[in-house]
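Below you'll find the structure, written out as structure tokens, and then a few comments.
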Amino acid sequence: MTEPHEPTGVSPERTIAFQGRPGAYSHLACREAFPELVALPCHSFEDAFGAVREGAARLAMIPVDNTVAGRVADVHHLLPRGGLHIVGEHFVRVNHHLLGLPGATIEGLRAVESHVHAVGQCRRFLRRHHLQAVVVADTAGAAQDVAAAGDPTRAAIASRLAGELYGLVSLAENIEDAEHNTTRFLVLSRTPQDPGETVPDVMTTITFTVRNRPAALYKALGGFATCGVNMVKLESYIDGSFTQAQFYADVMGHPRHESLRLALEELRFFSHSVEILGVYPAHPFRAEIA
């Protein structure tokens, strides 16, 4: 696996970082959204952030939410202090494949390896075929390990891309329990890339800390309701003393739109701090599911 700052022979401006091994769903997201860029595998989310911050990559592709597994907690804690700007979003429909060696059969399997979330997302398939799950660090790593072991009784749950990269075949496809299994990714950059207020569908991501008073959050959010601003996500972080919460929110609109500008003014009045993490075009997926 390539370390985040290991020379790749490719200009950093043509590189996008992701967490995981080659073939991870984050790698797949990089290929879908930025096929012209070279994907750089990183050991951890911190390493992926660092690759962009230190100039080893132009962008990072980071998962934040999954419709089955929920939020990626580590990332939500990294975003407010990661020193990067959100410049885009991308949605990946998660299609899990059961990957084995050429010639392997489902009937001949003894163990299926994958990340804990992938295992949990394929429970019905595993139960139906009486397959024993083995939890490992990540999906692509499971595919790489199965290929290296050369044991036809072992298989991995991972992406089709992982199978292609490691020479495995798909013994079964789309084995996930939920048809809506989708992961949302954020695209991060060292510098903001304001799409402008004329773009029809814009997302703004903010963090804010409300004043420690009764009904402070209710009052702080009131402006979004009265100004007709759609808030599509709200997450909280607790401080070390358990007395004050910081919040993360995704809202529809541009900060220079009159409605969002007024909502943010009211938010600032009832908050200690308000920080904009990014203003970026909404992905077409949002319109498809609306």
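Just remember, in the structure tokens the first chain shown is A, the second B, etc., residues are 1-based per chain, and ligands are 1-based in the order shown.
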Taking only residues of range 164-213 of chain A that have an atom at most 12 Å from an atom of range 31-54 of chain A, what is each one's shortest atom pair and its distance in Å to one decimal, using only C-alpha atoms, in chain and number order, as a tab-separated table?
residue	atom	partner	partner_atom	distance
A:Phe185	CA	A:Ala33	CA	10.2
A:Leu186	CA	A:Ala33	CA	10.9
A:Val187	CA	A:Ala33	CA	9.5
A:Leu188	CA	A:Val52	CA	8.0
A:Ser189	CA	A:Val52	CA	6.6
A:Arg190	CA	A:Arg53	CA	5.9
A:Thr191	CA	A:Arg53	CA	9.7
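Backbone DSSP over range 95-200 of chain A gives strand (DSSP E or B) for A:His97, A:Leu98, A:Leu99, A:Gly100, A:Ala111, A:Val112, A:Glu113, A:Ser114, A:Ala133, A:Val134, A:Val135, A:Arg154, A:Ala155, A:Ala156, A:Ile157, A:Ala158, A:Val169, A:Ser170, A:Leu171, A:Ala172, A:Glu173, A:Thr182, A:Thr183, A:Arg184, A:Phe185, A:Leu186, A:Val187, A:Leu188, A:Ser189.
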Considering only C-alpha atoms, give me a table of residues in range 103-214 of chain A that are at most 10 Å from range 250-257 of chain A, with the closest atom pair and distance in Å for each, as a Markdown table.
| residue | atom | partner | partner_atom | distance |
| --- | --- | --- | --- | --- |
| A:Asp194 | CA | A:His254 | CA | 9.2 |
| A:Pro195 | CA | A:His254 | CA | 9.0 |
| A:Gly196 | CA | A:His254 | CA | 7.7 |
| A:Glu197 | CA | A:His254 | CA | 5.7 |
| A:Thr198 | CA | A:His254 | CA | 9.0 |
| A:Val199 | CA | A:His254 | CA | 8.9 |
| A:Pro200 | CA | A:Gly253 | CA | 8.7 |
| A:Asp201 | CA | A:Gly253 | CA | 6.9 |
| A:Val202 | CA | A:Gly253 | CA | 5.0 |
| A:Met203 | CA | A:Met252 | CA | 4.8 |
| A:Thr204 | CA | A:Val251 | CA | 5.4 |
| A:Thr205 | CA | A:Asp250 | CA | 4.5 |
| A:Ile206 | CA | A:Asp250 | CA | 6.6 |
| A:Thr207 | CA | A:Asp250 | CA | 9.0 |
For Glu266 in chain A, work out the shell of residues within 9 Å, counting only C-alpha atoms and skipping chain neighbours fewer than 5 positions away, then give it as a compact mmCIF listing (two decimals) with N, CA, C and O atoms, in the first residue's frame.
# COMPACT_ATOMS: atom_id res chain seq x y z
N LYS A 219 -33.53 28.64 19.72
CA LYS A 219 -33.50 30.02 19.22
C LYS A 219 -32.49 30.16 18.07
O LYS A 219 -32.74 30.87 17.10
N ALA A 220 -31.36 29.48 18.19
CA ALA A 220 -30.34 29.59 17.16
C ALA A 220 -30.82 29.04 15.83
O ALA A 220 -30.46 29.56 14.77
N LEU A 221 -31.64 28.01 15.87
CA LEU A 221 -32.12 27.39 14.64
C LEU A 221 -33.39 28.04 14.11
O LEU A 221 -33.84 27.73 13.00
N GLY A 222 -33.98 28.92 14.90
CA GLY A 222 -35.25 29.53 14.49
C GLY A 222 -35.15 30.28 13.19
O GLY A 222 -36.11 30.31 12.40
N GLY A 223 -33.99 30.91 12.95
CA GLY A 223 -33.84 31.68 11.72
C GLY A 223 -33.94 30.84 10.46
O GLY A 223 -34.40 31.31 9.42
N PHE A 224 -33.49 29.58 10.54
CA PHE A 224 -33.57 28.71 9.37
C PHE A 224 -35.03 28.41 9.03
O PHE A 224 -35.40 28.35 7.86
N ARG A 261 -28.41 34.12 4.36
CA ARG A 261 -27.67 35.21 5.02
C ARG A 261 -28.36 35.64 6.31
O ARG A 261 -27.72 35.81 7.36
N SER A 271 -25.00 32.25 19.15
CA SER A 271 -23.89 31.31 19.20
C SER A 271 -22.60 32.01 19.60
O SER A 271 -22.42 33.20 19.37
Quick one: residues within 7 Å of Val92 in chain A, only C-alpha atoms, excluding same-chain residues fewer than 3 positions away - as a CSV table (one decimal) with N, CA and C atoms, in the first residue's frame?
chain,number,residue,atom,x,y,z
A,29,ALA,N,-15.1,5.8,-5.3
A,29,ALA,CA,-15.7,7.2,-5.4
A,29,ALA,C,-14.7,8.1,-6.1
A,182,THR,N,-26.3,3.4,0.5
A,182,THR,CA,-25.6,4.5,-0.2
A,182,THR,C,-24.6,5.2,0.8
A,183,THR,N,-23.4,5.6,0.3
A,183,THR,CA,-22.5,6.3,1.1
A,183,THR,C,-22.3,7.7,0.5
A,184,ARG,N,-22.3,8.7,1.4
A,184,ARG,CA,-22.1,10.1,1.0
A,184,ARG,C,-20.6,10.4,1.3
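With distances restricted to only C-alpha atoms, A:Phe270 is the closest residue to Ala215 in chain A from A:Phe270, A:Asp177, A:Ala118, A:Leu262.
Distance-wise, CA of Val210 in chain A and CA of Gly228 in chain A end up 20.7 Å apart.
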- request: Between CA of His90 in chain A and CA of Pro284 in chain A, measure the distance and give it in Å to one decimal.
  value: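 Between CA of His90 in chain A and CA of Pro284 in chain A the gap is 8.9 Å.
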message: Which residue is closest to Ala156 in chain A? Choose from A:Leu98, A:Val136, A:Val119, A:Leu84 and count only C-alpha atoms.
response: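 Once distances to Ala156 in chain A are computed over only C-alpha atoms, the minimum belongs to A:Leu98.
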Computed interatomic separation between CA of Ala287 in chain A and CA of Cys122 in chain A (Å): 27.9 Å
- request: With a distance cut-off of 9 Å and only C-alpha atoms, select the neighbouring residues of Tyr248 in chain A, excluding the residue or stretch itself and same-chain residues fewer than 3 positions from it, and output the selection as a ChimeraX atom specification.
  value: /A:76,80,205-208,233-237
Go ahead and dump the residues you just picked, C-alpha atoms, as a PDB file, in the first residue's frame.
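Listing of out.pdb after writing:
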ATOM      1  CA  HIS A  76     -17.124  14.148  11.879  1.00  0.00           C
ATOM      2  CA  PRO A  80     -14.017  20.973  12.236  1.00  0.00           C
ATOM      3  CA  THR A 205     -21.763  23.128   5.667  1.00  0.00           C
ATOM      4  CA  ILE A 206     -21.261  24.911   8.984  1.00  0.00           C
ATOM      5  CA  THR A 207     -20.204  24.245  12.552  1.00  0.00           C
ATOM      6  CA  PHE A 208     -21.431  26.369  15.455  1.00  0.00           C
ATOM      7  CA  LYS A 233     -28.345  17.349   8.478  1.00  0.00           C
ATOM      8  CA  LEU A 234     -27.614  18.283  12.101  1.00  0.00           C
ATOM      9  CA  GLU A 235     -25.034  16.527  14.295  1.00  0.00           C
ATOM     10  CA  SER A 236     -23.791  17.391  17.787  1.00  0.00           C
ATOM     11  CA  TYR A 237     -20.402  17.166  19.504  1.00  0.00           C
TER      12      TYR A 237
END
All helix (DSSP H, G or I) positions in range 7-229 of chain A, as a ChimeraX atom specification: /A:12-14,25-33,45-53,73-81,116-121,123-128,139-149,160-166,216-226
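When only C-alpha atoms are used to compute distances to Arg58 in chain A, the closest of the residues A:His129, A:His283, A:Arg21, A:Arg14 turns out to be A:Arg14.
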task: Could you give me, as a list in words, the residues within 12 Å of Arg128 in chain A, counting only C-alpha atoms and dropping anything in the same chain fewer than 3 positions from it?
output: Ile106, Glu107, Cys122, Arg123, Arg124, Phe125, Leu131, Gln132, Ile175 and Asp177 of chain A
task: Could you check which of A:Gln246, A:Asn181, A:Ala148, A:Glu288 is closest to Ser273 in chain A, using only C-alpha atoms?
output: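 Selected residue with least distance to Ser273 in chain A: A:Gln246.
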Which residue of A:Met61, A:Val75, A:Ala140, A:Ala245 approaches Ser26 in chain A most closely, using only C-alpha atoms: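 With only C-alpha atoms as the atom set, the closest residue is A:Met61.
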